[in-house]
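Notes follow the structure.
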Amino acid sequence: MPFELIKSEPLLQGRAFKIRRDTMKTPDGRETKFDIVEHGGSVVIIPIDSDGNLLFVRQYRHAAGMDMLELPAGTRDGDEPFAECAAREIREETGMEAGMLIQVGSFYLAPGYSTEFMGVFLATDLKHNPLEADDDEFLSVEKIPVREAILSAERGELPDAKTLAALLMARPQLEKYLGV
C-alpha cells in the first residue's frame with residue numbers, strides 16, 4: 001500500500017525554489033508530514049580540456065560556511081532543456097564553450113526532501129567563449145588533472161555531493177585520462 005497525499009500547502013516561495021508541506025497517510029494508516037523543497041532541476045558539468053585537466057570552480061558556499069571546489073553547475077531557467085542549461089552554465093562559470101556536450105547520467109540530489117533532479121554532462125573540445133556570470137557568483141576556475149581529481153574525491157577532499165556523483169557517473173569516460 002503506497003503513501004497517500006492528504007493535502008499539500010505552500011510554506012515559502014524563494015528565489016530558486018519553493019518549500020511545501022505535504023500531509024501524507026502512511027501505508028499503516030498513520031498521518032505524517034514532509035517538508036519538500038521544490039526545485040526545477042539543474043545540471044553539473046565535467047569539463048575536460050585538451051591537456052586532460054578537469055575545470056573546477058571554487059566559490060563560497062554560505063550554507064557550508066566555506067569556499068568549496070566543485071564541478072561547474074547551475075539551475076535550469078524554467079523548462080529550459082538540460083543540455084541547453086549545461087551549455088549556458090559552462091560558459092557562465094568557466095568562460096569556456098563545449099564543442100561536444102554529452103549527457104552521461106542524471107540523479108536526484110537529495111530525494112529525502114527535495115525534487116531537484118540533476119543532469120550530468122561531459123564537456124570536451126573547449127574553447128574560450130564566456131557569458132557574463134550571475135550577479136551573486138564569485139568564482140575562480142582551477143584546472144586539475146583527471147587522475148588527481150579522482151584521487152582527491154577518493155580521499156574525501158571534495159565534499160560536494162554533485163561533484164562526487166558526477167565523477168563516479170563519468171568514470172568510464174574518464175578512464176583514458178587516468179593512466180591506469
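Chain lettering (A, B, ...) mirrors the order of the C-alpha cells, residue numbering begins at 1 for each chain separately, and ligand numbering begins at 1 in order of display.
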
Taking 3 positions as the minimum chain separation for residues in the same chain, which residues sit within 12 Å of stretch 15-31 of chain A when counting only C-alpha atoms? Answer as a PDB file with N, CA and C atoms, in the first residue's frame.
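Once written, around.pdb looks like this:
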```
ATOM      1  N   MET A   1       0.853  -1.181   0.000  1.00  0.00           N
ATOM      2  CA  MET A   1       0.000   0.000   0.000  1.00  0.00           C
ATOM      3  C   MET A   1       0.900   1.247   0.000  1.00  0.00           C
ATOM      4  N   PRO A   2       0.753   2.117  -0.965  1.00  0.00           N
ATOM      5  CA  PRO A   2       1.617   3.305  -1.038  1.00  0.00           C
ATOM      6  C   PRO A   2       1.186   4.417  -0.084  1.00  0.00           C
ATOM      7  N   PHE A   3       2.064   5.398   0.042  1.00  0.00           N
ATOM      8  CA  PHE A   3       1.704   6.598   0.785  1.00  0.00           C
ATOM      9  C   PHE A   3       0.615   7.321   0.005  1.00  0.00           C
ATOM     10  N   GLU A   4      -0.273   8.011   0.729  1.00  0.00           N
ATOM     11  CA  GLU A   4      -1.377   8.741   0.079  1.00  0.00           C
ATOM     12  C   GLU A   4      -1.303  10.209   0.497  1.00  0.00           C
ATOM     13  N   LEU A   5      -1.353  11.105  -0.479  1.00  0.00           N
ATOM     14  CA  LEU A   5      -1.334  12.540  -0.198  1.00  0.00           C
ATOM     15  C   LEU A   5      -2.690  12.980   0.334  1.00  0.00           C
ATOM     16  N   ILE A   6      -2.682  13.591   1.509  1.00  0.00           N
ATOM     17  CA  ILE A   6      -3.904  14.127   2.096  1.00  0.00           C
ATOM     18  C   ILE A   6      -4.056  15.591   1.703  1.00  0.00           C
ATOM     19  N   LYS A   7      -2.981  16.364   1.907  1.00  0.00           N
ATOM     20  CA  LYS A   7      -3.009  17.775   1.489  1.00  0.00           C
ATOM     21  C   LYS A   7      -1.585  18.275   1.314  1.00  0.00           C
ATOM     22  N   SER A   8      -1.464  19.338   0.562  1.00  0.00           N
ATOM     23  CA  SER A   8      -0.177  19.971   0.320  1.00  0.00           C
ATOM     24  C   SER A   8      -0.367  21.471   0.472  1.00  0.00           C
ATOM     25  N   GLU A   9       0.522  22.111   1.228  1.00  0.00           N
ATOM     26  CA  GLU A   9       0.393  23.549   1.437  1.00  0.00           C
ATOM     27  C   GLU A   9       1.740  24.244   1.212  1.00  0.00           C
ATOM     28  N   PRO A  10       1.724  25.378   0.503  1.00  0.00           N
ATOM     29  CA  PRO A  10       2.971  26.122   0.291  1.00  0.00           C
ATOM     30  C   PRO A  10       3.421  26.801   1.585  1.00  0.00           C
ATOM     31  N   LEU A  11       4.729  26.774   1.840  1.00  0.00           N
ATOM     32  CA  LEU A  11       5.285  27.419   3.025  1.00  0.00           C
ATOM     33  C   LEU A  11       6.144  28.625   2.672  1.00  0.00           C
ATOM     34  N   LEU A  12       6.888  28.552   1.556  1.00  0.00           N
ATOM     35  CA  LEU A  12       7.831  29.604   1.215  1.00  0.00           C
ATOM     36  C   LEU A  12       8.070  29.622  -0.287  1.00  0.00           C
ATOM     37  N   PHE A  34       5.716  15.884   5.541  1.00  0.00           N
ATOM     38  CA  PHE A  34       7.005  16.009   4.872  1.00  0.00           C
ATOM     39  C   PHE A  34       7.158  17.437   4.377  1.00  0.00           C
ATOM     40  N   ASP A  35       8.273  18.073   4.699  1.00  0.00           N
ATOM     41  CA  ASP A  35       8.583  19.381   4.133  1.00  0.00           C
ATOM     42  C   ASP A  35       9.456  19.130   2.910  1.00  0.00           C
ATOM     43  N   ILE A  36       9.010  19.613   1.764  1.00  0.00           N
ATOM     44  CA  ILE A  36       9.644  19.311   0.485  1.00  0.00           C
ATOM     45  C   ILE A  36      10.133  20.590  -0.183  1.00  0.00           C
ATOM     46  N   VAL A  37      11.384  20.574  -0.639  1.00  0.00           N
ATOM     47  CA  VAL A  37      11.944  21.667  -1.431  1.00  0.00           C
ATOM     48  C   VAL A  37      11.611  21.355  -2.889  1.00  0.00           C
ATOM     49  N   GLU A  38      10.819  22.227  -3.509  1.00  0.00           N
ATOM     50  CA  GLU A  38      10.502  22.071  -4.931  1.00  0.00           C
ATOM     51  C   GLU A  38      11.541  22.830  -5.739  1.00  0.00           C
ATOM     52  N   HIS A  39      12.231  22.112  -6.597  1.00  0.00           N
ATOM     53  CA  HIS A  39      13.308  22.713  -7.388  1.00  0.00           C
ATOM     54  C   HIS A  39      13.126  22.283  -8.832  1.00  0.00           C
ATOM     55  N   GLY A  40      13.329  23.192  -9.778  1.00  0.00           N
ATOM     56  CA  GLY A  40      13.077  22.933 -11.194  1.00  0.00           C
ATOM     57  C   GLY A  40      14.131  22.124 -11.912  1.00  0.00           C
ATOM     58  N   GLY A  41      15.171  21.734 -11.234  1.00  0.00           N
ATOM     59  CA  GLY A  41      16.200  20.911 -11.859  1.00  0.00           C
ATOM     60  C   GLY A  41      17.464  21.684 -12.150  1.00  0.00           C
ATOM     61  N   SER A  42      18.545  20.962 -12.348  1.00  0.00           N
ATOM     62  CA  SER A  42      19.850  21.586 -12.525  1.00  0.00           C
ATOM     63  C   SER A  42      20.779  20.655 -13.293  1.00  0.00           C
ATOM     64  N   GLY A  74      24.615  24.440 -12.340  1.00  0.00           N
ATOM     65  CA  GLY A  74      23.657  25.536 -12.274  1.00  0.00           C
ATOM     66  C   GLY A  74      22.234  25.063 -12.451  1.00  0.00           C
ATOM     67  N   THR A  75      21.326  25.977 -12.168  1.00  0.00           N
ATOM     68  CA  THR A  75      19.891  25.719 -12.180  1.00  0.00           C
ATOM     69  C   THR A  75      19.284  26.032 -13.537  1.00  0.00           C
ATOM     70  N   ARG A  76      18.351  25.206 -13.941  1.00  0.00           N
ATOM     71  CA  ARG A  76      17.621  25.432 -15.188  1.00  0.00           C
ATOM     72  C   ARG A  76      16.784  26.700 -15.084  1.00  0.00           C
ATOM     73  N   ASP A  77      16.640  27.395 -16.199  1.00  0.00           N
ATOM     74  CA  ASP A  77      15.725  28.533 -16.296  1.00  0.00           C
ATOM     75  C   ASP A  77      14.367  28.000 -16.732  1.00  0.00           C
ATOM     76  N   GLY A  78      13.431  27.884 -15.796  1.00  0.00           N
ATOM     77  CA  GLY A  78      12.102  27.369 -16.122  1.00  0.00           C
ATOM     78  C   GLY A  78      12.172  25.964 -16.687  1.00  0.00           C
ATOM     79  N   TYR A 113      14.170  15.106   0.733  1.00  0.00           N
ATOM     80  CA  TYR A 113      13.475  16.364   1.000  1.00  0.00           C
ATOM     81  C   TYR A 113      13.401  17.298  -0.205  1.00  0.00           C
ATOM     82  N   SER A 114      13.920  16.891  -1.358  1.00  0.00           N
ATOM     83  CA  SER A 114      13.969  17.806  -2.497  1.00  0.00           C
ATOM     84  C   SER A 114      13.571  17.111  -3.792  1.00  0.00           C
ATOM     85  N   THR A 115      12.941  17.865  -4.694  1.00  0.00           N
ATOM     86  CA  THR A 115      12.596  17.348  -6.016  1.00  0.00           C
ATOM     87  C   THR A 115      13.696  17.623  -7.031  1.00  0.00           C
ATOM     88  N   GLU A 116      14.820  18.230  -6.610  1.00  0.00           N
ATOM     89  CA  GLU A 116      15.873  18.615  -7.555  1.00  0.00           C
ATOM     90  C   GLU A 116      16.464  17.401  -8.266  1.00  0.00           C
TER      91      GLU A 116
END
```

Legend entry - Contact residues around A:Ala133 with only C-alpha atoms at 9 Å, ignoring same-chain residues under 2 positions, as a list in words: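 Returned residues: Glu89, Arg91, Glu92, Glu93, Gly95, Pro130, Leu131, Asp135, Asp136, Glu137, Phe138 and Leu139 of chain A.
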
Preceding selection exported with N, CA and C atoms as a JSON list (two decimals), in the first residue's frame:
```
[["chain", "number", "residue", "atom", "x", "y", "z"],
["A", 89, "GLU", "N", 25.63, 27.18, -18.62],
["A", 89, "GLU", "CA", 26.33, 27.23, -17.33],
["A", 89, "GLU", "C", 27.84, 27.09, -17.47],
["A", 91, "ARG", "N", 29.66, 28.11, -19.85],
["A", 91, "ARG", "CA", 30.17, 29.40, -20.34],
["A", 91, "ARG", "C", 30.14, 30.45, -19.24],
["A", 92, "GLU", "N", 29.07, 30.47, -18.43],
["A", 92, "GLU", "CA", 28.96, 31.45, -17.35],
["A", 92, "GLU", "C", 30.01, 31.20, -16.26],
["A", 93, "GLU", "N", 30.25, 29.95, -15.93],
["A", 93, "GLU", "CA", 31.09, 29.64, -14.78],
["A", 93, "GLU", "C", 32.57, 29.47, -15.11],
["A", 95, "GLY", "N", 33.87, 30.29, -18.52],
["A", 95, "GLY", "CA", 34.26, 31.08, -19.68],
["A", 95, "GLY", "C", 34.54, 30.24, -20.90],
["A", 130, "PRO", "N", 33.13, 33.18, -23.16],
["A", 130, "PRO", "CA", 32.42, 33.39, -21.90],
["A", 130, "PRO", "C", 31.06, 34.08, -22.04],
["A", 131, "LEU", "N", 30.22, 33.80, -21.08],
["A", 131, "LEU", "CA", 28.99, 34.55, -20.84],
["A", 131, "LEU", "C", 29.17, 35.24, -19.50],
["A", 135, "ASP", "N", 25.01, 37.62, -10.97],
["A", 135, "ASP", "CA", 25.42, 38.71, -10.09],
["A", 135, "ASP", "C", 25.96, 38.24, -8.73],
["A", 136, "ASP", "N", 25.43, 37.12, -8.23],
["A", 136, "ASP", "CA", 25.82, 36.66, -6.89],
["A", 136, "ASP", "C", 26.91, 35.59, -6.92],
["A", 137, "GLU", "N", 27.51, 35.35, -8.10],
["A", 137, "GLU", "CA", 28.56, 34.34, -8.20],
["A", 137, "GLU", "C", 29.93, 34.98, -8.31],
["A", 138, "PHE", "N", 30.81, 34.56, -7.43],
["A", 138, "PHE", "CA", 32.20, 35.00, -7.43],
["A", 138, "PHE", "C", 33.03, 33.72, -7.48],
["A", 139, "LEU", "N", 33.44, 33.36, -8.69],
["A", 139, "LEU", "CA", 34.07, 32.07, -8.93],
["A", 139, "LEU", "C", 35.51, 32.24, -9.39]]
```

Legend entry - Long-range neighbours of A:Met169 as a list in words, 12 Å cut-off, only C-alpha atoms, 5 positions minimum in chain: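 Listing them by chain and then by number gives Val44, Ile45, Ile46, Gln103, Val104, Gly105, Ser106, Phe107, Gly119, Val120, Phe121, Leu122, Ile150, Lys162, Thr163, Leu164, Leu174 and Glu175 of chain A.
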
Keeping only all heavy atoms, write those residues as a short mmCIF file (atom, residue, chain, number, x, y, z; two decimals), in the first residue's frame.
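Resulting contents of result_17.cif:
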```cif
data_model
loop_
_atom_site.label_atom_id
_atom_site.label_comp_id
_atom_site.auth_asym_id
_atom_site.auth_seq_id
_atom_site.Cartn_x
_atom_site.Cartn_y
_atom_site.Cartn_z
N VAL A 44 25.16 19.49 -13.74
CA VAL A 44 26.55 19.54 -13.31
C VAL A 44 27.36 19.12 -14.53
O VAL A 44 26.97 18.21 -15.26
CB VAL A 44 26.82 18.65 -12.06
CG1 VAL A 44 26.42 17.22 -12.27
CG2 VAL A 44 28.27 18.77 -11.62
N ILE A 45 28.45 19.84 -14.77
CA ILE A 45 29.24 19.65 -15.97
C ILE A 45 30.64 19.19 -15.61
O ILE A 45 31.25 19.69 -14.66
CB ILE A 45 29.31 20.95 -16.79
CG1 ILE A 45 27.90 21.49 -17.08
CG2 ILE A 45 30.05 20.75 -18.10
CD1 ILE A 45 27.61 22.78 -16.42
N ILE A 46 31.16 18.24 -16.39
CA ILE A 46 32.52 17.72 -16.22
C ILE A 46 33.32 18.20 -17.43
O ILE A 46 33.38 17.51 -18.45
CB ILE A 46 32.51 16.19 -16.13
CG1 ILE A 46 31.54 15.72 -15.04
CG2 ILE A 46 33.91 15.65 -15.87
CD1 ILE A 46 31.02 14.34 -15.24
N GLN A 103 25.47 13.91 -22.40
CA GLN A 103 24.87 13.58 -21.11
C GLN A 103 25.30 12.17 -20.72
O GLN A 103 25.15 11.23 -21.48
CB GLN A 103 23.35 13.67 -21.14
CG GLN A 103 22.75 13.47 -19.76
CD GLN A 103 21.32 13.93 -19.64
OE1 GLN A 103 20.69 14.35 -20.60
NE2 GLN A 103 20.80 13.86 -18.42
N VAL A 104 25.87 12.05 -19.52
CA VAL A 104 26.35 10.75 -19.04
C VAL A 104 25.47 10.17 -17.94
O VAL A 104 25.68 9.04 -17.52
CB VAL A 104 27.82 10.82 -18.57
CG1 VAL A 104 28.74 11.14 -19.72
CG2 VAL A 104 28.00 11.79 -17.42
N GLY A 105 24.49 10.92 -17.49
CA GLY A 105 23.60 10.39 -16.46
C GLY A 105 22.76 11.49 -15.83
O GLY A 105 22.77 12.64 -16.28
N SER A 106 22.05 11.11 -14.79
CA SER A 106 21.22 12.05 -14.04
C SER A 106 20.90 11.40 -12.70
O SER A 106 21.02 10.19 -12.53
CB SER A 106 19.94 12.39 -14.81
OG SER A 106 19.25 11.21 -15.17
N PHE A 107 20.51 12.24 -11.74
CA PHE A 107 20.21 11.74 -10.40
C PHE A 107 19.43 12.77 -9.61
O PHE A 107 19.42 13.95 -9.94
CB PHE A 107 21.49 11.36 -9.64
CG PHE A 107 22.45 12.51 -9.44
CD1 PHE A 107 22.38 13.31 -8.30
CD2 PHE A 107 23.43 12.80 -10.38
CE1 PHE A 107 23.26 14.37 -8.11
CE2 PHE A 107 24.31 13.85 -10.21
CZ PHE A 107 24.23 14.64 -9.07
N GLY A 119 21.04 16.78 -14.27
CA GLY A 119 21.62 16.14 -15.44
C GLY A 119 23.13 16.28 -15.36
O GLY A 119 23.65 17.32 -14.96
N VAL A 120 23.86 15.23 -15.74
CA VAL A 120 25.33 15.21 -15.68
C VAL A 120 25.85 15.20 -17.11
O VAL A 120 25.47 14.33 -17.91
CB VAL A 120 25.83 13.97 -14.93
CG1 VAL A 120 27.36 13.96 -14.87
CG2 VAL A 120 25.23 13.90 -13.53
N PHE A 121 26.71 16.16 -17.43
CA PHE A 121 27.22 16.31 -18.79
C PHE A 121 28.74 16.33 -18.82
O PHE A 121 29.37 17.02 -18.01
CB PHE A 121 26.69 17.61 -19.41
CG PHE A 121 25.22 17.57 -19.70
CD1 PHE A 121 24.30 17.86 -18.71
CD2 PHE A 121 24.76 17.22 -20.96
CE1 PHE A 121 22.94 17.82 -18.96
CE2 PHE A 121 23.40 17.16 -21.23
CZ PHE A 121 22.49 17.46 -20.23
N LEU A 122 29.30 15.61 -19.78
CA LEU A 122 30.72 15.65 -20.07
C LEU A 122 30.92 16.68 -21.17
O LEU A 122 30.22 16.65 -22.19
CB LEU A 122 31.18 14.27 -20.54
CG LEU A 122 32.66 14.07 -20.77
CD1 LEU A 122 33.43 14.16 -19.45
CD2 LEU A 122 32.91 12.73 -21.42
N ILE A 150 40.27 12.61 -9.32
CA ILE A 150 39.67 11.34 -8.85
C ILE A 150 40.27 10.92 -7.52
O ILE A 150 39.56 10.53 -6.58
CB ILE A 150 39.84 10.23 -9.91
CG1 ILE A 150 39.09 10.56 -11.20
CG2 ILE A 150 39.42 8.87 -9.35
CD1 ILE A 150 37.59 10.60 -11.09
N LYS A 162 27.29 16.67 -5.58
CA LYS A 162 27.07 16.62 -7.02
C LYS A 162 28.37 16.38 -7.77
O LYS A 162 28.39 15.69 -8.79
CB LYS A 162 26.37 17.89 -7.52
CG LYS A 162 27.22 19.14 -7.49
CD LYS A 162 26.42 20.36 -7.90
CE LYS A 162 27.20 21.63 -7.72
NZ LYS A 162 27.71 21.85 -6.38
N THR A 163 29.47 16.91 -7.27
CA THR A 163 30.77 16.67 -7.88
C THR A 163 31.15 15.20 -7.76
O THR A 163 31.59 14.58 -8.73
CB THR A 163 31.84 17.57 -7.23
OG1 THR A 163 31.52 18.94 -7.53
CG2 THR A 163 33.24 17.26 -7.72
N LEU A 164 30.97 14.63 -6.59
CA LEU A 164 31.29 13.22 -6.38
C LEU A 164 30.43 12.31 -7.26
O LEU A 164 30.94 11.38 -7.89
CB LEU A 164 31.11 12.86 -4.90
CG LEU A 164 32.06 13.56 -3.94
CD1 LEU A 164 31.64 13.31 -2.50
CD2 LEU A 164 33.49 13.15 -4.18
N LEU A 174 36.23 8.82 -18.22
CA LEU A 174 37.46 9.43 -17.68
C LEU A 174 38.62 8.44 -17.62
O LEU A 174 39.77 8.85 -17.42
CB LEU A 174 37.20 10.00 -16.29
CG LEU A 174 36.14 11.10 -16.19
CD1 LEU A 174 35.90 11.47 -14.74
CD2 LEU A 174 36.54 12.31 -17.01
N GLU A 175 38.36 7.14 -17.79
CA GLU A 175 39.39 6.10 -17.66
C GLU A 175 40.62 6.40 -18.50
O GLU A 175 41.75 6.19 -18.05
CB GLU A 175 38.83 4.73 -18.03
CG GLU A 175 37.82 4.17 -17.04
CD GLU A 175 38.41 3.74 -15.71
OE1 GLU A 175 39.60 3.38 -15.66
OE2 GLU A 175 37.68 3.79 -14.71
#
```

Legend entry - Separation of atom CA of A:Val57 from atom CA of A:Leu109, in Å and rounded to one decimal: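 The value is 18.9 Å.
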
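Minimum distance to A:Pro81 across A:Glu148, A:Thr124, A:Ala153, A:Met118 (counting only C-alpha atoms) occurs at A:Met118.
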
Inset, instruction - Enumerate, as an MDAnalysis selection string, the complete set of residues in chain A that a backbone-based DSSP assignment places in strand (DSSP E). - result: chainID A and resid 4:13 18:25 31:38 42:47 53:61 66:70 73:75 96:108 117:128 140:145

Legend entry - Which of A:Arg61, A:Leu178, A:Ala86, A:Tyr108 sits closest to A:Pro145 [using only C-alpha atoms]: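 When distances to A:Pro145 are compared using only C-alpha atoms, the smallest one comes from A:Leu178.
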
Inset, instruction - For A:Met96, list every protein, DNA or RNA residue within 7 Å, evaluated using only C-alpha atoms, and leave out those in the same chain fewer than 4 positions away; present the list as a list in words. - result: Ile90, Arg91, Leu126, Lys127, His128, Asn129 and Pro130 of chain A

Legend entry - Atomic separation - atom CA of A:Gly14 relative to atom CA of A:Glu132, Å: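 Distance between the two atoms: 23.1 Å.
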
Legend entry - Residues near A:Ala87, cut-off 9 Å, only C-alpha atoms, skip fewer than 6 positions along chain, as a list of chain:residue names: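 What passes the distance filter is A:Ile45, A:Glu97, A:Ala98, A:Leu101, A:Ala123.
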
With all heavy atoms retained, write the just-selected residues as an mmCIF file, in the first residue's frame.
```cif
data_model
loop_
_atom_site.group_PDB
_atom_site.id
_atom_site.type_symbol
_atom_site.label_atom_id
_atom_site.label_comp_id
_atom_site.auth_asym_id
_atom_site.auth_seq_id
_atom_site.Cartn_x
_atom_site.Cartn_y
_atom_site.Cartn_z
ATOM 1 N N ILE A 45 28.453 19.836 -14.766
ATOM 2 C CA ILE A 45 29.240 19.647 -15.975
ATOM 3 C C ILE A 45 30.641 19.185 -15.610
ATOM 4 O O ILE A 45 31.251 19.691 -14.663
ATOM 5 C CB ILE A 45 29.309 20.954 -16.788
ATOM 6 C CG1 ILE A 45 27.899 21.486 -17.084
ATOM 7 C CG2 ILE A 45 30.054 20.745 -18.104
ATOM 8 C CD1 ILE A 45 27.607 22.781 -16.423
ATOM 9 N N GLU A 97 33.308 27.321 -23.822
ATOM 10 C CA GLU A 97 32.185 26.710 -24.535
ATOM 11 C C GLU A 97 32.582 25.289 -24.911
ATOM 12 O O GLU A 97 33.724 25.038 -25.308
ATOM 13 C CB GLU A 97 31.880 27.507 -25.800
ATOM 14 C CG GLU A 97 30.740 26.944 -26.613
ATOM 15 C CD GLU A 97 30.435 27.780 -27.842
ATOM 16 O OE1 GLU A 97 31.219 28.692 -28.177
ATOM 17 O OE2 GLU A 97 29.411 27.510 -28.482
ATOM 18 N N ALA A 98 31.639 24.366 -24.800
ATOM 19 C CA ALA A 98 31.905 22.967 -25.135
ATOM 20 C C ALA A 98 31.568 22.710 -26.599
ATOM 21 O O ALA A 98 30.433 22.936 -27.023
ATOM 22 C CB ALA A 98 31.081 22.049 -24.239
ATOM 23 N N LEU A 101 29.141 18.125 -26.015
ATOM 24 C CA LEU A 101 28.463 18.040 -24.720
ATOM 25 C C LEU A 101 27.648 16.747 -24.736
ATOM 26 O O LEU A 101 26.731 16.606 -25.552
ATOM 27 C CB LEU A 101 27.571 19.262 -24.536
ATOM 28 C CG LEU A 101 27.060 19.616 -23.167
ATOM 29 C CD1 LEU A 101 28.206 19.892 -22.199
ATOM 30 C CD2 LEU A 101 26.154 20.835 -23.241
ATOM 31 N N ALA A 123 31.838 17.626 -20.950
ATOM 32 C CA ALA A 123 32.091 18.703 -21.905
ATOM 33 C C ALA A 123 33.529 18.612 -22.394
ATOM 34 O O ALA A 123 34.470 18.617 -21.593
ATOM 35 C CB ALA A 123 31.844 20.056 -21.240
#
```

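In this comparison, which uses only C-alpha atoms, the residue of A:Met68, A:Leu168, A:Ala63, A:Ile48 approaching A:Ile102 most closely is A:Ile48.
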
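Closest to A:Val43 among A:Leu158, A:Val141, A:Leu151, A:Ala73 is A:Ala73, based on only C-alpha atoms.
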
Legend entry - Residue nearest A:Ala165 among A:Ala110, A:Ala83, A:Gly52, A:Asp125 (counting only C-alpha atoms): A:Ala110

Inset, instruction - Using DSSP on the backbone coordinates, identify the residues of stretch 13-149 of chain A assigned to alpha helix (DSSP H); present them as JSON, numbers by chain. - result: {"A": [82, 83, 84, 85, 86, 87, 88, 89, 90, 91, 92, 93, 94, 146, 147, 148, 149]}

Produce a file of the selected residues containing N, CA and C atoms, as a CSV table (one decimal), in the first residue's frame.
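In the end it all went to part.csv:
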```
chain,number,residue,atom,x,y,z
A,82,PHE,N,17.8,20.4,-20.3
A,82,PHE,CA,19.0,20.2,-19.5
A,82,PHE,C,20.3,20.5,-20.3
A,83,ALA,N,20.3,20.1,-21.6
A,83,ALA,CA,21.6,20.3,-22.4
A,83,ALA,C,21.8,21.8,-22.6
A,84,GLU,N,20.7,22.5,-22.9
A,84,GLU,CA,20.9,24.0,-23.1
A,84,GLU,C,21.4,24.6,-21.8
A,85,CYS,N,20.9,24.2,-20.6
A,85,CYS,CA,21.3,24.7,-19.4
A,85,CYS,C,22.8,24.4,-19.2
A,86,ALA,N,23.2,23.2,-19.5
A,86,ALA,CA,24.7,22.8,-19.3
A,86,ALA,C,25.5,23.7,-20.2
A,87,ALA,N,25.1,23.9,-21.5
A,87,ALA,CA,25.9,24.7,-22.4
A,87,ALA,C,26.0,26.1,-21.9
A,88,ARG,N,24.9,26.7,-21.3
A,88,ARG,CA,25.0,28.0,-20.8
A,88,ARG,C,25.8,28.1,-19.5
A,89,GLU,N,25.6,27.2,-18.6
A,89,GLU,CA,26.3,27.2,-17.3
A,89,GLU,C,27.8,27.1,-17.5
A,90,ILE,N,28.3,26.2,-18.4
A,90,ILE,CA,29.8,26.1,-18.5
A,90,ILE,C,30.4,27.4,-19.0
A,91,ARG,N,29.7,28.1,-19.9
A,91,ARG,CA,30.2,29.4,-20.3
A,91,ARG,C,30.1,30.5,-19.2
A,92,GLU,N,29.1,30.5,-18.4
A,92,GLU,CA,29.0,31.4,-17.4
A,92,GLU,C,30.0,31.2,-16.3
A,93,GLU,N,30.2,29.9,-15.9
A,93,GLU,CA,31.1,29.6,-14.8
A,93,GLU,C,32.6,29.5,-15.1
A,94,THR,N,32.9,29.0,-16.3
A,94,THR,CA,34.3,28.8,-16.6
A,94,THR,C,34.8,29.7,-17.8
A,146,VAL,N,42.8,14.9,-14.4
A,146,VAL,CA,41.7,14.0,-14.1
A,146,VAL,C,42.2,13.0,-13.0
A,147,ARG,N,43.3,12.4,-13.1
A,147,ARG,CA,43.8,11.5,-12.1
A,147,ARG,C,43.8,12.1,-10.7
A,148,GLU,N,44.4,13.3,-10.6
A,148,GLU,CA,44.5,14.0,-9.3
A,148,GLU,C,43.1,14.3,-8.8
A,149,ALA,N,42.2,14.7,-9.6
A,149,ALA,CA,40.8,15.0,-9.2
A,149,ALA,C,40.1,13.7,-8.6
```
